[in-house]
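S.K.: Here it is, the structure, as structure tokens.
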Amino acid sequence: MHQLTSNVFVETQIRGCNHGFVTTSDGIVLIDTPHKPSDAVKLKAEIARRGKLRYIINTEPHGDHWTGNAFFDVPVIAHEGVRTRILNTDVQAHVARVSTFGPEEPGLLAGYRPNAPIITFRNGMTLHVGNHTFEMIHMPGHTAYQAAICVKEEGVVFTSDNIFHKVHTWLQEANPDLWLMSLESLRKLKEEIFVPGHGAICGKDYLNEQGAFIQEWKAYVKDAIDRGMTRDEAIVRLTAMTDRYPMDIGQDGMAPGVMKMNVANLYNYLTGA
Ligand SMILES: [Zn+2]
């Protein structure tokens, strides 16, 4: 964990999404949770040394953001769609996959039950804890249910996976046009320090690069469609983006698969399928 501002601590160096916590005058708020149960247990000990955990906020529906919720006994807040997705998760399959992440994981996953959000929003919500204000703003793009979490007093935004900073961008269920609009919404925020979903801490200067890459992906798949490629052909043949960015920590070897999912999704999006 690394101290980003007076009261914000973040983790960007382990498998799974970036996550962090904010120490307020009335306890701690955790934003996203580790993918690996053993990391969640370590984080729980670290938080216990600093105070009482009050809430968890999840920024999006992917499992690398919420699997660790289960190791904390506090209410979770997220977009309504995050709750629905967690409740519809095949827990047995999820546990089987996460169990492969390390030797300690299977034991920690015994009796696993997801800690799904019980406080939800659609467009946005503000949470006041002690002397801190957490403004949650729905920003669809990477999925339909992304939220940016602005920690007003710290000048920090947890952006969700709408930003992949210098690591490969996952577009497996993205709406690229809404995503580009959300990048503009991020640009308009007063806060300047971004904790991206993946990759190192960044600022607004990265928004152009993230946006250009989404545009490039869209143009790349559109060109294949315009040349008459079928979806199956495009999935096999469009491989040029594979090495544009490194994969994030713990995702080695996954680039070709991500590439195929990105192509499949954008092909559907652009053909209205
Ligand atoms: Zn994601």
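Within each chain, counting starts at residue 1; across the structure tokens, chains are named A, B, ... in the order shown, with ligands numbered 1 upward in that order.
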Please provide as JSON, numbers by chain all residues within 8 Å of Arg15 in chain A, with the sequence filter that same-chain residues fewer than 2 positions apart are discarded (counting only C-alpha atoms).
M.R.: {"A": [13, 17, 34, 35, 36, 248, 249, 250, 251]}
S.K.: Save the residues we just selected, N, CA, C and O atoms, as a PDB file, in the first residue's frame?
M.R.:
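Output saved as out03.pdb:
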ATOM      1  N   GLN A  13       0.207  -2.479  -7.202  1.00  0.00           N
ATOM      2  CA  GLN A  13       1.315  -3.387  -7.530  1.00  0.00           C
ATOM      3  C   GLN A  13       0.984  -4.869  -7.427  1.00  0.00           C
ATOM      4  O   GLN A  13       1.886  -5.697  -7.493  1.00  0.00           O
ATOM      5  N   CYS A  17      -7.404  -5.458  -9.674  1.00  0.00           N
ATOM      6  CA  CYS A  17      -7.533  -4.022  -9.946  1.00  0.00           C
ATOM      7  C   CYS A  17      -6.780  -3.216  -8.891  1.00  0.00           C
ATOM      8  O   CYS A  17      -6.437  -3.728  -7.828  1.00  0.00           O
ATOM      9  N   PRO A  34      -9.320  -6.500  -3.190  1.00  0.00           N
ATOM     10  CA  PRO A  34      -8.407  -7.363  -3.941  1.00  0.00           C
ATOM     11  C   PRO A  34      -9.107  -8.564  -4.592  1.00  0.00           C
ATOM     12  O   PRO A  34     -10.135  -9.034  -4.108  1.00  0.00           O
ATOM     13  N   HIS A  35      -8.519  -9.028  -5.680  1.00  0.00           N
ATOM     14  CA  HIS A  35      -9.027 -10.206  -6.385  1.00  0.00           C
ATOM     15  C   HIS A  35      -8.646 -11.482  -5.629  1.00  0.00           C
ATOM     16  O   HIS A  35      -9.412 -12.418  -5.558  1.00  0.00           O
ATOM     17  N   LYS A  36      -7.437 -11.484  -5.060  1.00  0.00           N
ATOM     18  CA  LYS A  36      -6.947 -12.677  -4.353  1.00  0.00           C
ATOM     19  C   LYS A  36      -7.359 -12.617  -2.882  1.00  0.00           C
ATOM     20  O   LYS A  36      -7.041 -11.641  -2.188  1.00  0.00           O
ATOM     21  N   ASP A 248      -1.481  -6.045 -17.591  1.00  0.00           N
ATOM     22  CA  ASP A 248      -1.289  -5.664 -16.191  1.00  0.00           C
ATOM     23  C   ASP A 248      -0.712  -6.857 -15.416  1.00  0.00           C
ATOM     24  O   ASP A 248      -0.701  -7.990 -15.901  1.00  0.00           O
ATOM     25  N   ILE A 249      -0.284  -6.583 -14.193  1.00  0.00           N
ATOM     26  CA  ILE A 249       0.317  -7.586 -13.308  1.00  0.00           C
ATOM     27  C   ILE A 249      -0.590  -8.820 -13.194  1.00  0.00           C
ATOM     28  O   ILE A 249      -1.794  -8.685 -12.961  1.00  0.00           O
ATOM     29  N   GLY A 250       0.006 -10.007 -13.363  1.00  0.00           N
ATOM     30  CA  GLY A 250      -0.753 -11.250 -13.191  1.00  0.00           C
ATOM     31  C   GLY A 250      -1.586 -11.647 -14.399  1.00  0.00           C
ATOM     32  O   GLY A 250      -2.323 -12.615 -14.345  1.00  0.00           O
ATOM     33  N   GLN A 251      -1.478 -10.875 -15.498  1.00  0.00           N
ATOM     34  CA  GLN A 251      -2.284 -11.197 -16.689  1.00  0.00           C
ATOM     35  C   GLN A 251      -1.408 -11.722 -17.833  1.00  0.00           C
ATOM     36  O   GLN A 251      -1.830 -11.710 -19.000  1.00  0.00           O
TER      37      GLN A 251
END
S.K.: Counting only C-alpha atoms and all ligand atoms, name the residues that have an atom within 9 Å of an atom of ligand 1; the answer should be given as a list of chain:residue names.
M.R.: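 With only C-alpha atoms and all ligand atoms and a cut-off of 9 Å, ligand 1 is contacted by A:Cys17, A:Thr59, A:Glu60, A:Pro61, A:His62, A:Gly63, A:Asp64, A:His65, A:His142, A:Thr143, A:Gln146, A:Ser160, A:Asp161, A:Asn162, A:Trp170, A:Leu171, A:Gln172, A:Gly197, A:His198.
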S.K.: Leaving out range 221-230 of chain A and any residue of its chain fewer than 2 positions from it, which residues lie within 8 Å of it when counting only C-alpha atoms, given as a list in words?
M.R.: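 Answer for this query is Trp217, Lys218, Ala219, Asp232, Glu233, Ala234, Leu238, Val263, Leu266, Tyr267 and Leu270 of chain A.
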S.K.: Write a file of the just-selected residues containing all heavy atoms, as a short mmCIF file (atom, residue, chain, number, x, y, z; two decimals), in the first residue's frame.
M.R.:
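The file below, result30.cif, is the result:
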data_model
loop_
_atom_site.label_atom_id
_atom_site.label_comp_id
_atom_site.auth_asym_id
_atom_site.auth_seq_id
_atom_site.Cartn_x
_atom_site.Cartn_y
_atom_site.Cartn_z
N TRP A 217 -9.13 1.35 -31.74
CA TRP A 217 -9.76 0.03 -31.69
C TRP A 217 -11.03 0.02 -32.54
O TRP A 217 -11.29 -0.92 -33.31
CB TRP A 217 -10.12 -0.31 -30.24
CG TRP A 217 -9.21 -1.32 -29.60
CD1 TRP A 217 -8.30 -1.09 -28.61
CD2 TRP A 217 -9.15 -2.72 -29.88
NE1 TRP A 217 -7.69 -2.27 -28.27
CE2 TRP A 217 -8.19 -3.28 -29.03
CE3 TRP A 217 -9.82 -3.55 -30.78
CZ2 TRP A 217 -7.87 -4.64 -29.05
CZ3 TRP A 217 -9.51 -4.91 -30.80
CH2 TRP A 217 -8.54 -5.44 -29.95
N LYS A 218 -11.82 1.06 -32.38
CA LYS A 218 -13.09 1.14 -33.10
C LYS A 218 -12.84 1.17 -34.61
O LYS A 218 -13.46 0.43 -35.38
CB LYS A 218 -13.80 2.44 -32.68
CG LYS A 218 -15.26 2.32 -32.40
CD LYS A 218 -15.82 3.69 -32.00
CE LYS A 218 -16.79 4.18 -33.04
NZ LYS A 218 -17.33 5.51 -32.71
N ALA A 219 -11.87 1.99 -35.03
CA ALA A 219 -11.57 2.13 -36.45
C ALA A 219 -11.00 0.82 -37.01
O ALA A 219 -11.30 0.44 -38.15
CB ALA A 219 -10.56 3.27 -36.64
N ASP A 232 -16.40 -14.15 -37.21
CA ASP A 232 -15.45 -15.23 -36.89
C ASP A 232 -14.08 -14.98 -37.52
O ASP A 232 -13.06 -15.23 -36.89
CB ASP A 232 -16.01 -16.59 -37.35
CG ASP A 232 -17.15 -17.06 -36.45
OD1 ASP A 232 -17.33 -16.47 -35.36
OD2 ASP A 232 -17.87 -18.00 -36.85
N GLU A 233 -14.08 -14.49 -38.76
CA GLU A 233 -12.80 -14.19 -39.41
C GLU A 233 -12.07 -13.08 -38.66
O GLU A 233 -10.86 -13.14 -38.44
CB GLU A 233 -13.03 -13.74 -40.86
CG GLU A 233 -13.37 -14.87 -41.81
CD GLU A 233 -13.96 -14.37 -43.15
OE1 GLU A 233 -14.26 -13.14 -43.27
OE2 GLU A 233 -14.11 -15.21 -44.04
N ALA A 234 -12.83 -12.05 -38.28
CA ALA A 234 -12.22 -10.91 -37.58
C ALA A 234 -11.59 -11.36 -36.27
O ALA A 234 -10.47 -10.95 -35.93
CB ALA A 234 -13.26 -9.82 -37.33
N LEU A 238 -7.70 -10.42 -36.58
CA LEU A 238 -7.30 -9.09 -36.07
C LEU A 238 -6.44 -9.26 -34.80
O LEU A 238 -6.96 -9.41 -33.70
CB LEU A 238 -8.53 -8.24 -35.76
CG LEU A 238 -9.44 -7.91 -36.94
CD1 LEU A 238 -10.53 -6.92 -36.51
CD2 LEU A 238 -8.67 -7.34 -38.12
N VAL A 263 -12.38 -7.80 -29.99
CA VAL A 263 -12.84 -7.79 -31.39
C VAL A 263 -14.30 -8.25 -31.45
O VAL A 263 -15.14 -7.62 -32.12
CB VAL A 263 -11.95 -8.71 -32.27
CG1 VAL A 263 -12.56 -8.87 -33.66
CG2 VAL A 263 -10.53 -8.15 -32.37
N LEU A 266 -16.62 -5.47 -30.14
CA LEU A 266 -16.71 -4.28 -30.99
C LEU A 266 -17.39 -4.61 -32.31
O LEU A 266 -18.10 -3.78 -32.88
CB LEU A 266 -15.31 -3.69 -31.23
CG LEU A 266 -14.69 -3.04 -29.98
CD1 LEU A 266 -13.28 -2.53 -30.29
CD2 LEU A 266 -15.54 -1.86 -29.48
N TYR A 267 -17.19 -5.84 -32.81
CA TYR A 267 -17.86 -6.26 -34.05
C TYR A 267 -19.37 -6.21 -33.85
O TYR A 267 -20.11 -5.65 -34.65
CB TYR A 267 -17.41 -7.67 -34.44
CG TYR A 267 -17.74 -8.03 -35.87
CD1 TYR A 267 -16.78 -7.99 -36.87
CD2 TYR A 267 -19.04 -8.42 -36.23
CE1 TYR A 267 -17.08 -8.33 -38.19
CE2 TYR A 267 -19.36 -8.76 -37.54
CZ TYR A 267 -18.38 -8.70 -38.51
OH TYR A 267 -18.68 -9.03 -39.82
N LEU A 270 -20.53 -2.50 -33.51
CA LEU A 270 -20.50 -1.70 -34.76
C LEU A 270 -21.49 -2.20 -35.80
O LEU A 270 -21.89 -1.46 -36.69
CB LEU A 270 -19.08 -1.70 -35.34
CG LEU A 270 -18.06 -0.93 -34.49
CD1 LEU A 270 -16.63 -1.28 -34.90
CD2 LEU A 270 -18.29 0.57 -34.60
#
S.K.: Mind checking DSSP for range 4-148 of chain A and telling me the alpha helix (DSSP H) residues as a ChimeraX atom specification?
M.R.: /A:37-50,63-66,80-87,91-98,105-108
S.K.: Determine the nearest neighbour of Met259 in chain A from the options A:Thr169, A:Asn123, A:Gln215, A:Ala174, counting only C-alpha atoms.
M.R.: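 Ranking A:Thr169, A:Asn123, A:Gln215, A:Ala174 by distance to Met259 in chain A, first place goes to A:Thr169.
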S.K.: For Asn88 in chain A, which of A:Ala116, A:Val29, A:Glu216, A:Leu53 is the closest residue, counting only C-alpha atoms?
M.R.: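 Selected residue with least distance to Asn88 in chain A: A:Ala116.
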S.K.: Name the residues in contact with range 149-157 of chain A at a cut-off of 7 Å, using only C-alpha atoms, excluding same-chain residues fewer than 2 positions from it; report them as a list in words.
M.R.: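 Using only C-alpha atoms, the neighbours found are Thr5, His132, Thr133, Phe134, Glu135, Met136, Ile137, Ala147, Thr159, Glu191, Glu192, Ile193, Phe194 and Val195 of chain A.
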S.K.: Using the selection just defined, write its residues with all heavy atoms as a JSON list (two decimals), in the first residue's frame.
M.R.:
[["chain", "number", "residue", "atom", "x", "y", "z"],
["A", 5, "THR", "N", -2.06, 10.68, -0.78],
["A", 5, "THR", "CA", -2.28, 12.03, -0.23],
["A", 5, "THR", "C", -2.36, 11.87, 1.29],
["A", 5, "THR", "O", -2.17, 10.76, 1.80],
["A", 5, "THR", "CB", -3.61, 12.64, -0.74],
["A", 5, "THR", "OG1", -4.69, 11.83, -0.27],
["A", 5, "THR", "CG2", -3.66, 12.71, -2.26],
["A", 132, "HIS", "N", -14.94, 13.63, 5.29],
["A", 132, "HIS", "CA", -14.72, 13.36, 3.86],
["A", 132, "HIS", "C", -16.02, 13.18, 3.08],
["A", 132, "HIS", "O", -17.01, 12.68, 3.61],
["A", 132, "HIS", "CB", -13.83, 12.13, 3.68],
["A", 132, "HIS", "CG", -12.38, 12.44, 3.85],
["A", 132, "HIS", "ND1", -11.78, 12.52, 5.08],
["A", 132, "HIS", "CD2", -11.41, 12.72, 2.92],
["A", 132, "HIS", "CE1", -10.49, 12.82, 4.92],
["A", 132, "HIS", "NE2", -10.25, 12.95, 3.62],
["A", 133, "THR", "N", -15.95, 13.58, 1.82],
["A", 133, "THR", "CA", -17.09, 13.50, 0.91],
["A", 133, "THR", "C", -16.71, 12.61, -0.27],
["A", 133, "THR", "O", -15.68, 12.86, -0.92],
["A", 133, "THR", "CB", -17.43, 14.91, 0.37],
["A", 133, "THR", "OG1", -17.42, 15.83, 1.47],
["A", 133, "THR", "CG2", -18.77, 14.94, -0.32],
["A", 134, "PHE", "N", -17.53, 11.60, -0.51],
["A", 134, "PHE", "CA", -17.29, 10.67, -1.62],
["A", 134, "PHE", "C", -18.42, 10.86, -2.62],
["A", 134, "PHE", "O", -19.56, 10.53, -2.35],
["A", 134, "PHE", "CB", -17.28, 9.23, -1.12],
["A", 134, "PHE", "CG", -16.23, 8.97, -0.07],
["A", 134, "PHE", "CD1", -16.47, 9.27, 1.27],
["A", 134, "PHE", "CD2", -14.99, 8.47, -0.42],
["A", 134, "PHE", "CE1", -15.50, 9.06, 2.23],
["A", 134, "PHE", "CE2", -14.01, 8.25, 0.54],
["A", 134, "PHE", "CZ", -14.26, 8.55, 1.87],
["A", 135, "GLU", "N", -18.07, 11.43, -3.77],
["A", 135, "GLU", "CA", -19.08, 11.64, -4.80],
["A", 135, "GLU", "C", -18.94, 10.54, -5.83],
["A", 135, "GLU", "O", -17.89, 10.37, -6.44],
["A", 135, "GLU", "CB", -18.87, 13.02, -5.44],
["A", 135, "GLU", "CG", -20.07, 13.47, -6.22],
["A", 135, "GLU", "CD", -19.84, 14.80, -6.92],
["A", 135, "GLU", "OE1", -18.88, 15.52, -6.55],
["A", 135, "GLU", "OE2", -20.60, 15.09, -7.84],
["A", 136, "MET", "N", -20.03, 9.77, -6.00],
["A", 136, "MET", "CA", -20.03, 8.65, -6.96],
["A", 136, "MET", "C", -20.80, 9.09, -8.19],
["A", 136, "MET", "O", -21.93, 9.55, -8.09],
["A", 136, "MET", "CB", -20.71, 7.43, -6.33],
["A", 136, "MET", "CG", -20.00, 6.97, -5.07],
["A", 136, "MET", "SD", -21.07, 5.94, -4.05],
["A", 136, "MET", "CE", -20.99, 6.85, -2.51],
["A", 137, "ILE", "N", -20.18, 8.96, -9.35],
["A", 137, "ILE", "CA", -20.81, 9.44, -10.59],
["A", 137, "ILE", "C", -20.83, 8.31, -11.62],
["A", 137, "ILE", "O", -19.78, 7.75, -11.95],
["A", 137, "ILE", "CB", -20.04, 10.64, -11.19],
["A", 137, "ILE", "CG1", -19.82, 11.73, -10.13],
["A", 137, "ILE", "CG2", -20.77, 11.20, -12.40],
["A", 137, "ILE", "CD1", -18.80, 12.79, -10.55],
["A", 147, "ALA", "N", -18.52, 3.53, -12.25],
["A", 147, "ALA", "CA", -18.67, 4.78, -11.52],
["A", 147, "ALA", "C", -17.29, 5.34, -11.19],
["A", 147, "ALA", "O", -16.37, 4.59, -10.87],
["A", 147, "ALA", "CB", -19.46, 4.57, -10.23],
["A", 159, "THR", "N", -11.09, 5.98, -10.82],
["A", 159, "THR", "CA", -11.79, 6.10, -12.12],
["A", 159, "THR", "C", -12.48, 4.83, -12.57],
["A", 159, "THR", "O", -13.23, 4.89, -13.55],
["A", 159, "THR", "CB", -10.80, 6.50, -13.23],
["A", 159, "THR", "OG1", -9.92, 5.38, -13.50],
["A", 159, "THR", "CG2", -10.00, 7.73, -12.86],
["A", 191, "GLU", "N", -11.05, 17.44, -9.52],
["A", 191, "GLU", "CA", -9.95, 16.64, -8.96],
["A", 191, "GLU", "C", -8.95, 16.29, -10.06],
["A", 191, "GLU", "O", -9.34, 16.05, -11.20],
["A", 191, "GLU", "CB", -10.51, 15.35, -8.34],
["A", 191, "GLU", "CG", -11.40, 15.58, -7.13],
["A", 191, "GLU", "CD", -12.78, 16.16, -7.43],
["A", 191, "GLU", "OE1", -13.29, 15.96, -8.55],
["A", 191, "GLU", "OE2", -13.33, 16.84, -6.55],
["A", 192, "GLU", "N", -7.68, 16.25, -9.69],
["A", 192, "GLU", "CA", -6.62, 16.09, -10.70],
["A", 192, "GLU", "C", -5.86, 14.77, -10.61],
["A", 192, "GLU", "O", -5.13, 14.41, -11.53],
["A", 192, "GLU", "CB", -5.58, 17.23, -10.55],
["A", 192, "GLU", "CG", -6.13, 18.63, -10.76],
["A", 192, "GLU", "CD", -6.24, 19.01, -12.23],
["A", 192, "GLU", "OE1", -5.69, 18.28, -13.07],
["A", 192, "GLU", "OE2", -6.89, 20.04, -12.52],
["A", 193, "ILE", "N", -5.97, 14.07, -9.47],
["A", 193, "ILE", "CA", -5.17, 12.84, -9.30],
["A", 193, "ILE", "C", -6.07, 11.64, -9.57],
["A", 193, "ILE", "O", -7.10, 11.47, -8.93],
["A", 193, "ILE", "CB", -4.61, 12.74, -7.86],
["A", 193, "ILE", "CG1", -3.84, 14.01, -7.49],
["A", 193, "ILE", "CG2", -3.74, 11.50, -7.71],
["A", 193, "ILE", "CD1", -3.51, 14.11, -5.99],
["A", 194, "PHE", "N", -5.68, 10.81, -10.54],
["A", 194, "PHE", "CA", -6.49, 9.66, -10.94],
["A", 194, "PHE", "C", -5.87, 8.37, -10.44],
["A", 194, "PHE", "O", -4.68, 8.10, -10.70],
["A", 194, "PHE", "CB", -6.60, 9.58, -12.46],
["A", 194, "PHE", "CG", -7.51, 10.62, -13.09],
["A", 194, "PHE", "CD1", -7.55, 10.75, -14.47],
["A", 194, "PHE", "CD2", -8.32, 11.44, -12.32],
["A", 194, "PHE", "CE1", -8.38, 11.69, -15.06],
["A", 194, "PHE", "CE2", -9.16, 12.39, -12.91],
["A", 194, "PHE", "CZ", -9.18, 12.51, -14.29],
["A", 195, "VAL", "N", -6.68, 7.56, -9.76],
["A", 195, "VAL", "CA", -6.31, 6.18, -9.49],
["A", 195, "VAL", "C", -7.03, 5.37, -10.56],
["A", 195, "VAL", "O", -8.25, 5.18, -10.49],
["A", 195, "VAL", "CB", -6.76, 5.72, -8.08],
["A", 195, "VAL", "CG1", -6.31, 4.28, -7.84],
["A", 195, "VAL", "CG2", -6.23, 6.66, -7.01]]
S.K.: CA of Trp66 in chain A and CA of Gly111 in chain A, how far apart in Å?
M.R.: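 So the two atoms, CA of Gly111 in chain A and CA of Trp66 in chain A, lie 16.5 Å apart.
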